[in-house]
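Working notes, beginning with the structure itself.
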Amino acid sequence: MHQVFKRPVSLKDVQTHFCPGCHHGTIHRLVAEALDEFGLQQETIGIASIGCSVFLYYYFDIDVIETPHGRAPAVATGVKRARPDRFVFTYQGDGDLAAIGTAEIIHAANRGEHISVVFVNNTTYGMTGGQMAPTTLLGQRTSTSPTGRKPEVEGFPIRMAELLSGLDGVAFSARAAVNTPKNLMDAKKQIKKAFRYQGEGKGFSFVEVLAACPTNWGMNAIEANERVGREMCEYFKLGTFKNTAGL
């Protein structure tokens with residue numbers, strides 16, 4: 001019998017602990033498949049942030065460094081400069097990257113550090129209780145915005161892929177989603193492009209992936225997946241916002 005689907009080599013054979021309907025596992029697989037296809041497993045150093053994204057070391061069969069909250073781009077900068085022969089990527093959530101880590105991600109991008117960033121945007125602080133994040137949508141209820149986010153009080157959701165695309169040091173910036181088969185395949189292509197840019201020394205690369213958080217949204221898995229397409233993709237438009245090499 002011909003096997004057509006198997007676990008990526010870069011992923012460990014362990015049972016998932018993520019909530020039903022969470023998209024982290026799907027995104028993990030796409031990242032691992034890209035590492036496998038480029039033959040990068042033995043050359044990769046993953047940089048994990050704080051939040052649900054921290055479990056990089058548990059699921060990936062690669063070297064992983066865990067960082068303080070928001071500091072993954074700074075740590076990745078040091079790792080890449082010390083070991084330029086290694087493939088270095090960060091894996092971060094929206095509470096980590098777009099809130100406490102805003103300075104780190106903007107300055108690493110502006111310097112054109114030769115790292116790749118996978119940014120998982122589920123519009124909430126997933127691990128710590130569902131607080132409002134910089135990407136929380138207008139009207140969305142969270143534990144710290146119980147009546148819904150209001151622009152006159154909390155401001156507007158930040159579009160990180162567009163924000164970073166305006167910096168000269170950024171070689172590639174894109175946004176994808178994994179809520180449908182079509183979007184999932186596009187997400188894999190975007191991640192592969194980001195990784196390829198680093199491999200070819202083109203500069204800083206960034207991929208934002210829209211994801212579901214059923215538990216903190218108070219939804220079941222199907223409802224949460226539908227919300228990604230119905231609400232998130234409407235505000236956070238999918239596509240490529242900067243592609244300096246046109247790959």
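All residue names refer to the structure tokens as shown: chains lettered A, B, ... in order, residues numbered from 1 in each chain, ligands numbered from 1 in order.
If you count only C-alpha atoms and ignore residues fewer than 6 places along the chain from stretch 137-154 of chain A, what sits within 8 Å of it is Thr123, Thr124, Gly129, Gly130, Gln131, Asn216, Trp217 and Met232 of chain A.
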For those residues, write C-alpha atoms to a file as a JSON list (two decimals), in the first residue's frame.
[["chain", "number", "residue", "atom", "x", "y", "z"],
["A", 123, "THR", "CA", -7.36, 37.87, 18.56],
["A", 124, "THR", "CA", -6.96, 36.98, 22.24],
["A", 129, "GLY", "CA", -7.45, 33.76, 30.39],
["A", 130, "GLY", "CA", -8.74, 35.32, 27.19],
["A", 131, "GLN", "CA", -7.86, 38.96, 27.78],
["A", 216, "ASN", "CA", -11.66, 31.78, 24.85],
["A", 217, "TRP", "CA", -14.17, 32.73, 22.17],
["A", 232, "MET", "CA", -11.31, 37.80, 10.92]]
If you run DSSP over the backbone, which residues in stretch 95-238 of chain A end up strand (DSSP E)? Put them as a VMD selection string. chain A and resid 116 to 121 170 to 177 204 to 210
Neighbour list for stretch 179-195 of chain A as a PDB file with C-alpha atoms, in the first residue's frame, cut-off 9 Å, only C-alpha atoms, skip fewer than 3 positions in-chain:
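Result went into out37.pdb, see below:
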ATOM      1  CA  HIS A  23      -5.373  25.903  14.904  1.00  0.00           C
ATOM      2  CA  THR A  26      -2.391  22.728  11.990  1.00  0.00           C
ATOM      3  CA  ILE A  27       0.102  25.580  11.807  1.00  0.00           C
ATOM      4  CA  LEU A  30       2.740  23.461   8.004  1.00  0.00           C
ATOM      5  CA  VAL A  31       5.917  24.788   9.623  1.00  0.00           C
ATOM      6  CA  GLU A  33       6.483  20.335   6.456  1.00  0.00           C
ATOM      7  CA  ALA A  34       8.372  23.412   5.251  1.00  0.00           C
ATOM      8  CA  LEU A  35      11.381  22.499   7.402  1.00  0.00           C
ATOM      9  CA  GLU A  37      10.983  20.053   2.388  1.00  0.00           C
ATOM     10  CA  PHE A  38      13.982  22.369   2.716  1.00  0.00           C
ATOM     11  CA  PHE A  87      18.031  28.541  10.235  1.00  0.00           C
ATOM     12  CA  PHE A  89      12.551  31.247  13.240  1.00  0.00           C
ATOM     13  CA  ILE A 115      15.182  35.540  10.674  1.00  0.00           C
ATOM     14  CA  SER A 116      11.697  34.288   9.872  1.00  0.00           C
ATOM     15  CA  VAL A 117       8.656  34.974  12.053  1.00  0.00           C
ATOM     16  CA  VAL A 118       5.471  32.894  12.209  1.00  0.00           C
ATOM     17  CA  ALA A 171      11.855  41.419   2.655  1.00  0.00           C
ATOM     18  CA  PHE A 172       8.590  39.521   2.913  1.00  0.00           C
ATOM     19  CA  SER A 173       5.326  40.088   4.777  1.00  0.00           C
ATOM     20  CA  ALA A 174       2.120  38.142   4.247  1.00  0.00           C
ATOM     21  CA  ARG A 175      -1.078  37.009   5.957  1.00  0.00           C
ATOM     22  CA  ALA A 176      -2.752  33.630   5.592  1.00  0.00           C
ATOM     23  CA  GLN A 198      16.026  33.485   4.972  1.00  0.00           C
ATOM     24  CA  GLY A 199      17.842  30.650   3.253  1.00  0.00           C
ATOM     25  CA  GLU A 200      18.766  32.958   0.393  1.00  0.00           C
ATOM     26  CA  PHE A 204      13.537  39.610   7.497  1.00  0.00           C
ATOM     27  CA  SER A 205      10.451  37.557   6.610  1.00  0.00           C
ATOM     28  CA  PHE A 206       7.066  37.524   8.338  1.00  0.00           C
ATOM     29  CA  VAL A 207       3.938  35.391   7.994  1.00  0.00           C
ATOM     30  CA  VAL A 209      -1.633  33.216  10.261  1.00  0.00           C
ATOM     31  CA  LEU A 210      -5.231  33.781  11.375  1.00  0.00           C
ATOM     32  CA  ALA A 211      -6.273  31.111  13.853  1.00  0.00           C
ATOM     33  CA  ALA A 212      -9.224  30.008  15.975  1.00  0.00           C
ATOM     34  CA  ASN A 225     -13.494  27.953  12.391  1.00  0.00           C
ATOM     35  CA  GLU A 226     -16.394  29.718  10.675  1.00  0.00           C
ATOM     36  CA  VAL A 228     -12.153  33.036  11.149  1.00  0.00           C
ATOM     37  CA  GLY A 229     -13.590  33.269   7.652  1.00  0.00           C
ATOM     38  CA  LEU A 238      -5.317  37.715   3.359  1.00  0.00           C
ATOM     39  CA  THR A 240       1.102  39.359   0.407  1.00  0.00           C
ATOM     40  CA  LEU A 247       9.296  34.777  -5.497  1.00  0.00           C
TER      41      LEU A 247
END
Any chance you could list, as a PyMOL selection string, the residues in stretch 16-65 of chain A that come up alpha helix (DSSP H) when DSSP is run on the backbone? chain A and resi 24-37+56-59
Under the rule of at most 9 Å, produce a per-residue listing of stretch 47-132 of chain A near stretch 3-11 of chain A: chain, number, name, the closest pair of atoms, and the distance in Å, as a Markdown table, using only C-alpha atoms.
| residue | atom | partner | partner_atom | distance |
| --- | --- | --- | --- | --- |
| A:Tyr59 | CA | A:Leu11 | CA | 5.7 |
| A:Phe60 | CA | A:Leu11 | CA | 4.5 |
| A:Asp61 | CA | A:Ser10 | CA | 5.1 |
| A:Ile62 | CA | A:Ser10 | CA | 6.7 |
Produce a file of the selected residues containing C-alpha atoms, as an mmCIF file, in the first residue's frame.
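Contents of part.cif, freshly written:
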data_model
loop_
_atom_site.group_PDB
_atom_site.id
_atom_site.type_symbol
_atom_site.label_atom_id
_atom_site.label_comp_id
_atom_site.auth_asym_id
_atom_site.auth_seq_id
_atom_site.Cartn_x
_atom_site.Cartn_y
_atom_site.Cartn_z
ATOM 1 C CA TYR A 59 6.020 19.262 19.518
ATOM 2 C CA PHE A 60 9.024 20.022 17.282
ATOM 3 C CA ASP A 61 12.026 17.718 17.005
ATOM 4 C CA ILE A 62 14.469 20.606 16.657
#
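Take the candidates A:Gly246, A:Gly51, A:Gly155, A:Gly39 and check each one against A:Glu66 using only C-alpha atoms; the shortest distance goes to A:Gly51.
With only C-alpha atoms as the atoms that count, the minimum distance from A:Gly93 to the choices A:Arg230, A:His24, A:Lys80, A:Lys12 is reached by A:His24.
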Hey, can you check how far atom CA of A:Gly21 sits from atom CA of A:Gly101? 26.4 Å
re atom CA of A:Val75 and atom CA of A:Glu162: distance 23.4 Å
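Nearest residue to A:Gly201, choosing from A:Leu56, A:Val170, A:Cys19, A:Met127 and counting only C-alpha atoms: A:Val170.
In this structure, atom CA of A:Met219 sits 15.0 Å away from atom CA of A:Phe18.
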